[in-house]
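J.: If it helps, the file is called coords_39.pdb and holds PDB, C-alpha atoms, pLDDT in the B column:
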ATOM      1  CA  MET A   1       9.749 -12.852  14.416  1.00 86.00           C
ATOM      2  CA  ILE A   2       6.813 -14.797  12.947  1.00 92.00           C
ATOM      3  CA  LYS A   3       5.713 -11.717  10.981  1.00 94.00           C
ATOM      4  CA  ILE A   4       9.207 -11.184   9.546  1.00 95.00           C
ATOM      5  CA  LEU A   5       9.470 -14.830   8.508  1.00 96.00           C
ATOM      6  CA  PHE A   6       5.933 -14.802   7.078  1.00 97.00           C
ATOM      7  CA  ASP A   7       6.656 -11.639   5.094  1.00 97.00           C
ATOM      8  CA  PHE A   8       9.910 -13.007   3.683  1.00 97.00           C
ATOM      9  CA  ILE A   9       8.641 -16.471   2.729  1.00 97.00           C
ATOM     10  CA  ILE A  10       5.279 -15.402   1.295  1.00 97.00           C
ATOM     11  CA  SER A  11       6.755 -12.476  -0.673  1.00 97.00           C
ATOM     12  CA  LEU A  12       9.457 -14.753  -2.128  1.00 97.00           C
ATOM     13  CA  VAL A  13       6.894 -17.415  -3.096  1.00 97.00           C
ATOM     14  CA  LEU A  14       4.587 -14.813  -4.682  1.00 96.00           C
ATOM     15  CA  ILE A  15       7.447 -13.185  -6.596  1.00 96.00           C
ATOM     16  CA  VAL A  16       8.375 -16.574  -8.068  1.00 96.00           C
ATOM     17  CA  LEU A  17       4.748 -17.480  -8.844  1.00 96.00           C
ATOM     18  CA  LEU A  18       4.269 -14.129 -10.553  1.00 94.00           C
ATOM     19  CA  ILE A  19       7.238 -14.510 -12.922  1.00 92.00           C
ATOM     20  CA  PRO A  20       4.831 -14.526 -15.913  1.00 91.00           C
ATOM     21  CA  LEU A  21       3.482 -11.147 -14.737  1.00 84.00           C
ATOM     22  CA  TRP A  22       7.002  -9.697 -14.463  1.00 85.00           C
ATOM     23  CA  VAL A  23       7.711 -10.887 -18.043  1.00 88.00           C
ATOM     24  CA  ILE A  24       4.479  -9.265 -19.299  1.00 84.00           C
ATOM     25  CA  ILE A  25       5.430  -6.026 -17.565  1.00 78.00           C
ATOM     26  CA  LEU A  26       8.789  -6.062 -19.312  1.00 77.00           C
ATOM     27  CA  ILE A  27       7.354  -6.609 -22.810  1.00 85.00           C
ATOM     28  CA  THR A  28       4.071  -4.624 -22.729  1.00 80.00           C
ATOM     29  CA  PRO A  29       4.265  -1.101 -24.171  1.00 75.00           C
ATOM     30  CA  TYR A  30       3.433   1.704 -21.722  1.00 71.00           C
ATOM     31  CA  VAL A  31       3.770  -0.649 -18.745  1.00 77.00           C
ATOM     32  CA  SER A  32       6.859  -0.405 -16.594  1.00 81.00           C
ATOM     33  CA  ILE A  33       8.017  -0.319 -13.001  1.00 87.00           C
ATOM     34  CA  PHE A  34       8.571   3.077 -11.449  1.00 88.00           C
ATOM     35  CA  LYS A  35      10.167   4.092  -8.189  1.00 95.00           C
ATOM     36  CA  GLN A  36       9.034   6.723  -5.733  1.00 95.00           C
ATOM     37  CA  THR A  37      10.244   7.954  -2.348  1.00 96.00           C
ATOM     38  CA  ARG A  38       7.958   7.111   0.561  1.00 96.00           C
ATOM     39  CA  VAL A  39       8.129   7.464   4.341  1.00 96.00           C
ATOM     40  CA  GLY A  40       8.902   4.217   6.131  1.00 96.00           C
ATOM     41  CA  ARG A  41       9.368   2.921   9.629  1.00 96.00           C
ATOM     42  CA  PHE A  42      10.842   5.443  12.073  1.00 95.00           C
ATOM     43  CA  GLY A  43      10.292   8.159   9.433  1.00 94.00           C
ATOM     44  CA  LYS A  44      13.130   6.896   7.229  1.00 96.00           C
ATOM     45  CA  TYR A  45      12.675   7.323   3.506  1.00 96.00           C
ATOM     46  CA  PHE A  46      12.752   4.333   1.189  1.00 97.00           C
ATOM     47  CA  THR A  47      12.103   3.641  -2.478  1.00 97.00           C
ATOM     48  CA  ILE A  48       8.792   1.983  -3.279  1.00 97.00           C
ATOM     49  CA  TYR A  49       8.136   0.053  -6.487  1.00 95.00           C
ATOM     50  CA  LYS A  50       4.874   0.228  -8.442  1.00 92.00           C
ATOM     51  CA  ILE A  51       3.625  -0.496 -11.926  1.00 88.00           C
ATOM     52  CA  LYS A  52       3.307   2.713 -13.913  1.00 84.00           C
ATOM     53  CA  THR A  53      -0.357   3.206 -14.821  1.00 81.00           C
ATOM     54  CA  MET A  54      -0.272   6.697 -16.309  1.00 79.00           C
ATOM     55  CA  LYS A  55       0.883   8.225 -19.575  1.00 78.00           C
ATOM     56  CA  ASP A  56       0.930  11.976 -20.204  1.00 82.00           C
ATOM     57  CA  GLY A  57      -0.703  12.626 -16.838  1.00 79.00           C
ATOM     58  CA  ARG A  58      -3.698  10.340 -17.455  1.00 84.00           C
ATOM     59  CA  VAL A  59      -4.476   6.826 -16.282  1.00 82.00           C
ATOM     60  CA  THR A  60      -4.285   4.418 -19.216  1.00 80.00           C
ATOM     61  CA  PHE A  61      -7.009   1.906 -20.069  1.00 81.00           C
ATOM     62  CA  LEU A  62      -4.803  -0.917 -18.774  1.00 82.00           C
ATOM     63  CA  GLY A  63      -3.873   1.260 -15.811  1.00 83.00           C
ATOM     64  CA  LYS A  64      -7.528   1.440 -14.717  1.00 85.00           C
ATOM     65  CA  PHE A  65      -7.692  -2.352 -14.601  1.00 85.00           C
ATOM     66  CA  LEU A  66      -4.363  -2.642 -12.783  1.00 85.00           C
ATOM     67  CA  ARG A  67      -5.476  -0.071 -10.191  1.00 86.00           C
ATOM     68  CA  LYS A  68      -8.934  -1.579  -9.703  1.00 85.00           C
ATOM     69  CA  TYR A  69      -7.459  -4.909  -8.630  1.00 85.00           C
ATOM     70  CA  LYS A  70      -4.373  -3.322  -7.031  1.00 87.00           C
ATOM     71  CA  ILE A  71      -2.101  -5.201  -9.448  1.00 88.00           C
ATOM     72  CA  ASP A  72      -0.072  -1.999  -9.762  1.00 89.00           C
ATOM     73  CA  GLU A  73       0.991  -2.563  -6.143  1.00 92.00           C
ATOM     74  CA  LEU A  74       2.460  -6.055  -6.704  1.00 92.00           C
ATOM     75  CA  PRO A  75       6.054  -4.854  -7.237  1.00 94.00           C
ATOM     76  CA  GLN A  76       5.923  -3.922  -3.546  1.00 96.00           C
ATOM     77  CA  LEU A  77       6.484  -7.628  -2.928  1.00 97.00           C
ATOM     78  CA  PHE A  78      10.135  -6.757  -3.588  1.00 96.00           C
ATOM     79  CA  ASN A  79       9.894  -4.052  -0.889  1.00 97.00           C
ATOM     80  CA  ILE A  80       8.534  -6.682   1.500  1.00 98.00           C
ATOM     81  CA  LEU A  81      11.309  -9.118   0.560  1.00 97.00           C
ATOM     82  CA  LYS A  82      13.908  -6.369   1.184  1.00 96.00           C
ATOM     83  CA  GLY A  83      12.378  -5.648   4.601  1.00 96.00           C
ATOM     84  CA  ASP A  84      11.251  -2.077   3.808  1.00 97.00           C
ATOM     85  CA  MET A  85       7.604  -3.117   4.068  1.00 97.00           C
ATOM     86  CA  SER A  86       5.331  -5.787   5.492  1.00 97.00           C
ATOM     87  CA  PHE A  87       2.132  -7.330   4.166  1.00 97.00           C
ATOM     88  CA  VAL A  88       0.093  -5.499   6.813  1.00 98.00           C
ATOM     89  CA  GLY A  89       0.796  -2.010   8.104  1.00 97.00           C
ATOM     90  CA  PRO A  90       0.036   1.605   7.260  1.00 97.00           C
ATOM     91  CA  ARG A  91       0.192   2.269   3.521  1.00 95.00           C
ATOM     92  CA  PRO A  92       3.442   4.135   2.866  1.00 94.00           C
ATOM     93  CA  ASP A  93       2.779   7.787   2.154  1.00 92.00           C
ATOM     94  CA  ILE A  94       4.730  10.431   0.303  1.00 92.00           C
ATOM     95  CA  PRO A  95       6.871  12.805   2.370  1.00 94.00           C
ATOM     96  CA  GLY A  96       4.862  15.526   4.066  1.00 90.00           C
ATOM     97  CA  TYR A  97       2.322  13.424   5.923  1.00 90.00           C
ATOM     98  CA  TYR A  98       3.493  10.652   8.278  1.00 92.00           C
ATOM     99  CA  ASP A  99       6.902  12.268   8.727  1.00 91.00           C
ATOM    100  CA  LYS A 100       5.189  15.471   9.913  1.00 93.00           C
ATOM    101  CA  LEU A 101       3.086  13.826  12.637  1.00 94.00           C
ATOM    102  CA  ILE A 102       3.513  15.070  16.206  1.00 94.00           C
ATOM    103  CA  GLY A 103       2.784  13.698  19.663  1.00 96.00           C
ATOM    104  CA  LYS A 104       1.183  10.275  20.061  1.00 97.00           C
ATOM    105  CA  ASP A 105       0.320  10.232  16.341  1.00 97.00           C
ATOM    106  CA  ARG A 106       4.018   9.564  15.644  1.00 96.00           C
ATOM    107  CA  GLY A 107       3.316   6.053  16.945  1.00 96.00           C
ATOM    108  CA  VAL A 108       2.357   5.211  13.354  1.00 96.00           C
ATOM    109  CA  LEU A 109       6.061   5.472  12.527  1.00 97.00           C
ATOM    110  CA  LEU A 110       6.778   2.503  14.813  1.00 97.00           C
ATOM    111  CA  LEU A 111       5.103   0.303  12.205  1.00 97.00           C
ATOM    112  CA  LYS A 112       6.589  -0.954   8.977  1.00 96.00           C
ATOM    113  CA  PRO A 113       4.546   0.288   6.042  1.00 97.00           C
ATOM    114  CA  GLY A 114       2.293  -2.380   4.598  1.00 97.00           C
ATOM    115  CA  LEU A 115       0.791  -3.586   1.366  1.00 96.00           C
ATOM    116  CA  THR A 116      -2.607  -3.461   3.058  1.00 97.00           C
ATOM    117  CA  SER A 117      -4.347  -2.218   6.191  1.00 97.00           C
ATOM    118  CA  LEU A 118      -7.848  -1.603   7.462  1.00 97.00           C
ATOM    119  CA  ALA A 119      -7.434   2.023   6.375  1.00 97.00           C
ATOM    120  CA  ALA A 120      -6.408   0.879   2.875  1.00 95.00           C
ATOM    121  CA  ILE A 121      -9.533  -1.272   2.705  1.00 96.00           C
ATOM    122  CA  LYS A 122     -11.777   1.551   3.925  1.00 96.00           C
ATOM    123  CA  TYR A 123     -10.249   4.038   1.485  1.00 95.00           C
ATOM    124  CA  ARG A 124      -9.854   1.578  -1.381  1.00 91.00           C
ATOM    125  CA  ASN A 125     -11.546   4.082  -3.712  1.00 89.00           C
ATOM    126  CA  GLU A 126      -9.837   7.159  -2.281  1.00 91.00           C
ATOM    127  CA  GLU A 127      -9.134   8.696  -5.701  1.00 88.00           C
ATOM    128  CA  ALA A 128     -12.838   8.632  -6.604  1.00 90.00           C
ATOM    129  CA  LEU A 129     -13.782   9.989  -3.169  1.00 94.00           C
ATOM    130  CA  LEU A 130     -11.350  12.878  -3.533  1.00 95.00           C
ATOM    131  CA  ALA A 131     -12.491  13.565  -7.089  1.00 93.00           C
ATOM    132  CA  ARG A 132     -16.005  14.294  -5.754  1.00 96.00           C
ATOM    133  CA  GLN A 133     -14.741  16.958  -3.338  1.00 95.00           C
ATOM    134  CA  VAL A 134     -14.727  20.697  -3.969  1.00 95.00           C
ATOM    135  CA  ASN A 135     -11.318  20.913  -2.267  1.00 96.00           C
ATOM    136  CA  PRO A 136      -9.711  17.440  -2.417  1.00 96.00           C
ATOM    137  CA  SER A 137      -6.491  18.507  -0.700  1.00 94.00           C
ATOM    138  CA  LYS A 138      -8.359  20.006   2.261  1.00 96.00           C
ATOM    139  CA  PHE A 139     -10.650  16.955   2.494  1.00 96.00           C
ATOM    140  CA  ASN A 140      -7.629  14.653   2.531  1.00 95.00           C
ATOM    141  CA  THR A 141      -5.778  16.737   5.122  1.00 93.00           C
ATOM    142  CA  GLU A 142      -8.747  17.289   7.447  1.00 95.00           C
ATOM    143  CA  ILE A 143     -10.802  14.086   7.051  1.00 96.00           C
ATOM    144  CA  ILE A 144      -9.092  11.143   5.349  1.00 96.00           C
ATOM    145  CA  PHE A 145      -5.537  11.444   6.666  1.00 96.00           C
ATOM    146  CA  PRO A 146      -6.524  11.912  10.349  1.00 96.00           C
ATOM    147  CA  ASP A 147      -8.872   8.909  10.054  1.00 97.00           C
ATOM    148  CA  LYS A 148      -6.066   6.799   8.574  1.00 97.00           C
ATOM    149  CA  VAL A 149      -3.753   7.846  11.412  1.00 97.00           C
ATOM    150  CA  LYS A 150      -6.406   6.878  13.973  1.00 98.00           C
ATOM    151  CA  MET A 151      -6.982   3.502  12.294  1.00 98.00           C
ATOM    152  CA  ASN A 152      -3.240   2.816  12.076  1.00 97.00           C
ATOM    153  CA  LEU A 153      -2.733   3.696  15.753  1.00 98.00           C
ATOM    154  CA  ASP A 154      -5.560   1.282  16.555  1.00 98.00           C
ATOM    155  CA  TYR A 155      -3.718  -1.380  14.529  1.00 98.00           C
ATOM    156  CA  LEU A 156      -0.537  -0.634  16.504  1.00 97.00           C
ATOM    157  CA  GLU A 157      -2.405  -1.548  19.706  1.00 97.00           C
ATOM    158  CA  LYS A 158      -4.148  -4.663  18.333  1.00 96.00           C
ATOM    159  CA  ARG A 159      -1.491  -6.086  16.007  1.00 95.00           C
ATOM    160  CA  SER A 160      -0.771  -9.774  16.066  1.00 95.00           C
ATOM    161  CA  PHE A 161      -0.053 -12.465  13.512  1.00 96.00           C
ATOM    162  CA  TRP A 162      -3.697 -13.593  13.460  1.00 96.00           C
ATOM    163  CA  TYR A 163      -4.970 -10.021  13.235  1.00 97.00           C
ATOM    164  CA  ASP A 164      -2.724  -9.582  10.179  1.00 97.00           C
ATOM    165  CA  ILE A 165      -4.121 -12.764   8.618  1.00 97.00           C
ATOM    166  CA  ASN A 166      -7.640 -11.415   9.200  1.00 97.00           C
ATOM    167  CA  ILE A 167      -6.724  -8.111   7.482  1.00 98.00           C
ATOM    168  CA  ILE A 168      -5.213 -10.000   4.532  1.00 97.00           C
ATOM    169  CA  VAL A 169      -8.417 -12.044   4.168  1.00 97.00           C
ATOM    170  CA  LEU A 170     -10.531  -8.864   4.358  1.00 97.00           C
ATOM    171  CA  THR A 171      -8.320  -7.302   1.682  1.00 95.00           C
ATOM    172  CA  ILE A 172      -8.777 -10.248  -0.675  1.00 94.00           C
ATOM    173  CA  LYS A 173     -12.554 -10.111  -0.094  1.00 94.00           C
ATOM    174  CA  SER A 174     -12.618  -6.363  -0.806  1.00 92.00           C
ATOM    175  CA  LEU A 175     -10.770  -6.860  -4.080  1.00 88.00           C
ATOM    176  CA  PHE A 176     -12.858  -9.666  -5.506  1.00 85.00           C
ATOM    177  CA  PHE A 177     -16.238  -9.729  -3.744  1.00 83.00           C
TER     178      PHE A 177
END
Just give me the structure as structure tokens.

T.:
Amino acid sequence: MIKILFDFIISLVLIVLLIPLWVIILITPYVSIFKQTRVGRFGKYFTIYKIKTMKDGRVTFLGKFLRKYKIDELPQLFNILKGDMSFVGPRPDIPGYYDKLIGKDRGVLLLKPGLTSLAAIKYRNEEALLARQVNPSKFNTEIIFPDKVKMNLDYLEKRSFWYDINIIVLTIKSLFF
């Protein structure tokens, strides 16, 4: 119950504090909010919100900055406010990954997707890591995704309010220090 209350109050406060950002998003050319289907808790699909950072299949100059500091993820505060997501939990993935898990790995689906996680911190530069691979899809499927599942199952066992606070602090440190 504490986590639900924390998520609701903090997301609402941040949404209000970020009103200037929402205004900038609305008036800046080539910057907009887009929606995408992701896999949520219990394998149910939901619509995630993000700031669009690409034009014509390429990341824009502004998009690089927004991605570097994860500003493109801030519209997910609305997902947290709606209850689709939490501040801490497995990053929501596109269909075809979490919803296809079998056995004990499906335990990840007991968790609400999150804005951050230890796996998100570890793979903060996942795009660059994949870009260096001969076969990025295979590397993701065989190395990165199984590691994320393992880390998220570990979180399932250890989760607590104070563990979440620790992950949030680690996330802030990873973004700015």

J.: Sorted by chain and rising residue number, which residues of stretch 52-155 of chain A lie within 8 Å of stretch 21-36 of chain A, and what are their closest atom pairs and distances in Å to one decimal, counting all atoms listed in the file, as CSV?

T.:
residue,atom,partner,partner_atom,distance
A:Lys52,CA,A:Ser32,CA,5.4
A:Thr53,CA,A:Val31,CA,6.9
A:Lys55,CA,A:Tyr30,CA,7.3
A:Pro75,CA,A:Ile33,CA,7.6

J.: Could you write those residues out with C-alpha atoms, as a compact mmCIF listing (two decimals), keeping the file's coordinate frame?

T.:
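See selection36.txt below for the written result:
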# COMPACT_ATOMS: atom_id res chain seq x y z
CA LYS A 52 3.31 2.71 -13.91
CA THR A 53 -0.36 3.21 -14.82
CA LYS A 55 0.88 8.22 -19.58
CA PRO A 75 6.05 -4.85 -7.24

J.: Mind checking which residues fall within 8 Å of stretch 149-158 of chain A, counting all atoms listed in the file, ignoring those fewer than 3 positions away in the same chain, and posting them as a JSON list (two decimals) with C-alpha atoms, in the coordinates of the input?

T.:
[["chain", "number", "residue", "atom", "x", "y", "z"],
["A", 89, "GLY", "CA", 0.80, -2.01, 8.10],
["A", 90, "PRO", "CA", 0.04, 1.60, 7.26],
["A", 105, "ASP", "CA", 0.32, 10.23, 16.34],
["A", 107, "GLY", "CA", 3.32, 6.05, 16.94],
["A", 108, "VAL", "CA", 2.36, 5.21, 13.35],
["A", 111, "LEU", "CA", 5.10, 0.30, 12.20],
["A", 117, "SER", "CA", -4.35, -2.22, 6.19],
["A", 118, "LEU", "CA", -7.85, -1.60, 7.46],
["A", 119, "ALA", "CA", -7.43, 2.02, 6.38],
["A", 145, "PHE", "CA", -5.54, 11.44, 6.67],
["A", 146, "PRO", "CA", -6.52, 11.91, 10.35],
["A", 163, "TYR", "CA", -4.97, -10.02, 13.24]]

J.: Measure the distance from atom CA of A:Phe46 to atom CA of A:Ser86 in Å and round it to one decimal.

T.: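 One can read the atom CA of A:Phe46 to atom CA of A:Ser86 distance as 13.3 Å.
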
J.: What's the 7 Å shell around stretch 9-20 of chain A, counting only C-alpha atoms, without same-chain residues fewer than 4 positions away, as a list in words?

T.: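 In the requested form, the answer reads Leu5, Ile24, Leu77, Ile80 and Leu81 of chain A.
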
J.: Which is closest to A:Tyr49 among A:Leu115, A:Leu62, A:Ile4, A:Asn125, if we use all atoms listed in the file?

T.: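 Ranked by minimum distance to A:Tyr49, first place goes to A:Leu115.
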
J.: In Å, how far is it from atom CA of A:Ser174 to atom CA of A:Lys68?

T.: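 We find that atom CA of A:Ser174 and atom CA of A:Lys68 lie 10.8 Å from each other.
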
J.: With only C-alpha atoms as the atoms that count, which of A:Phe176, A:Phe8, A:Tyr45, A:Trp162 lies nearest to A:Gly96?

T.: A:Tyr45

J.: In Å to one decimal, how far is atom CA of A:Tyr123 from atom CA of A:Ile144?

T.: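 Atom CA of A:Ile144 sits 8.2 Å away from atom CA of A:Tyr123.
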
J.: Adding 6 Å on each side of the box along x, y and z that holds all listed atoms of stretch 9-19 of chain A, could you give its centre and edge lengths in Å to one decimal, as lines of an AutoDock Vina configuration file?

T.:
center_x = 6.9
center_y = -15.0
center_z = -5.1
size_x = 17.2
size_y = 17.0
size_z = 27.7

J.: Identify the residues around (-6.0, 16.7, 5.6) within a radius of 12 Å, measuring from only C-alpha atoms in the coordinates stated by the file, and give them as a PyMOL selection string.

T.: chain A and resi 96-98+101+130+135-149

J.: Fewer than 4 positions away in the same chain doesn't count, so skip those; otherwise give me all residues within 8 Å of A:Arg38, counting all atoms listed in the file, as number ranges by chain.

T.: A: 45-48, 92-95

J.: So, with all atoms listed in the file as the atoms that count, which of A:Arg132, A:Arg124, A:Lys104, A:Arg159 lies closest to A:Tyr69?

T.: A:Arg124
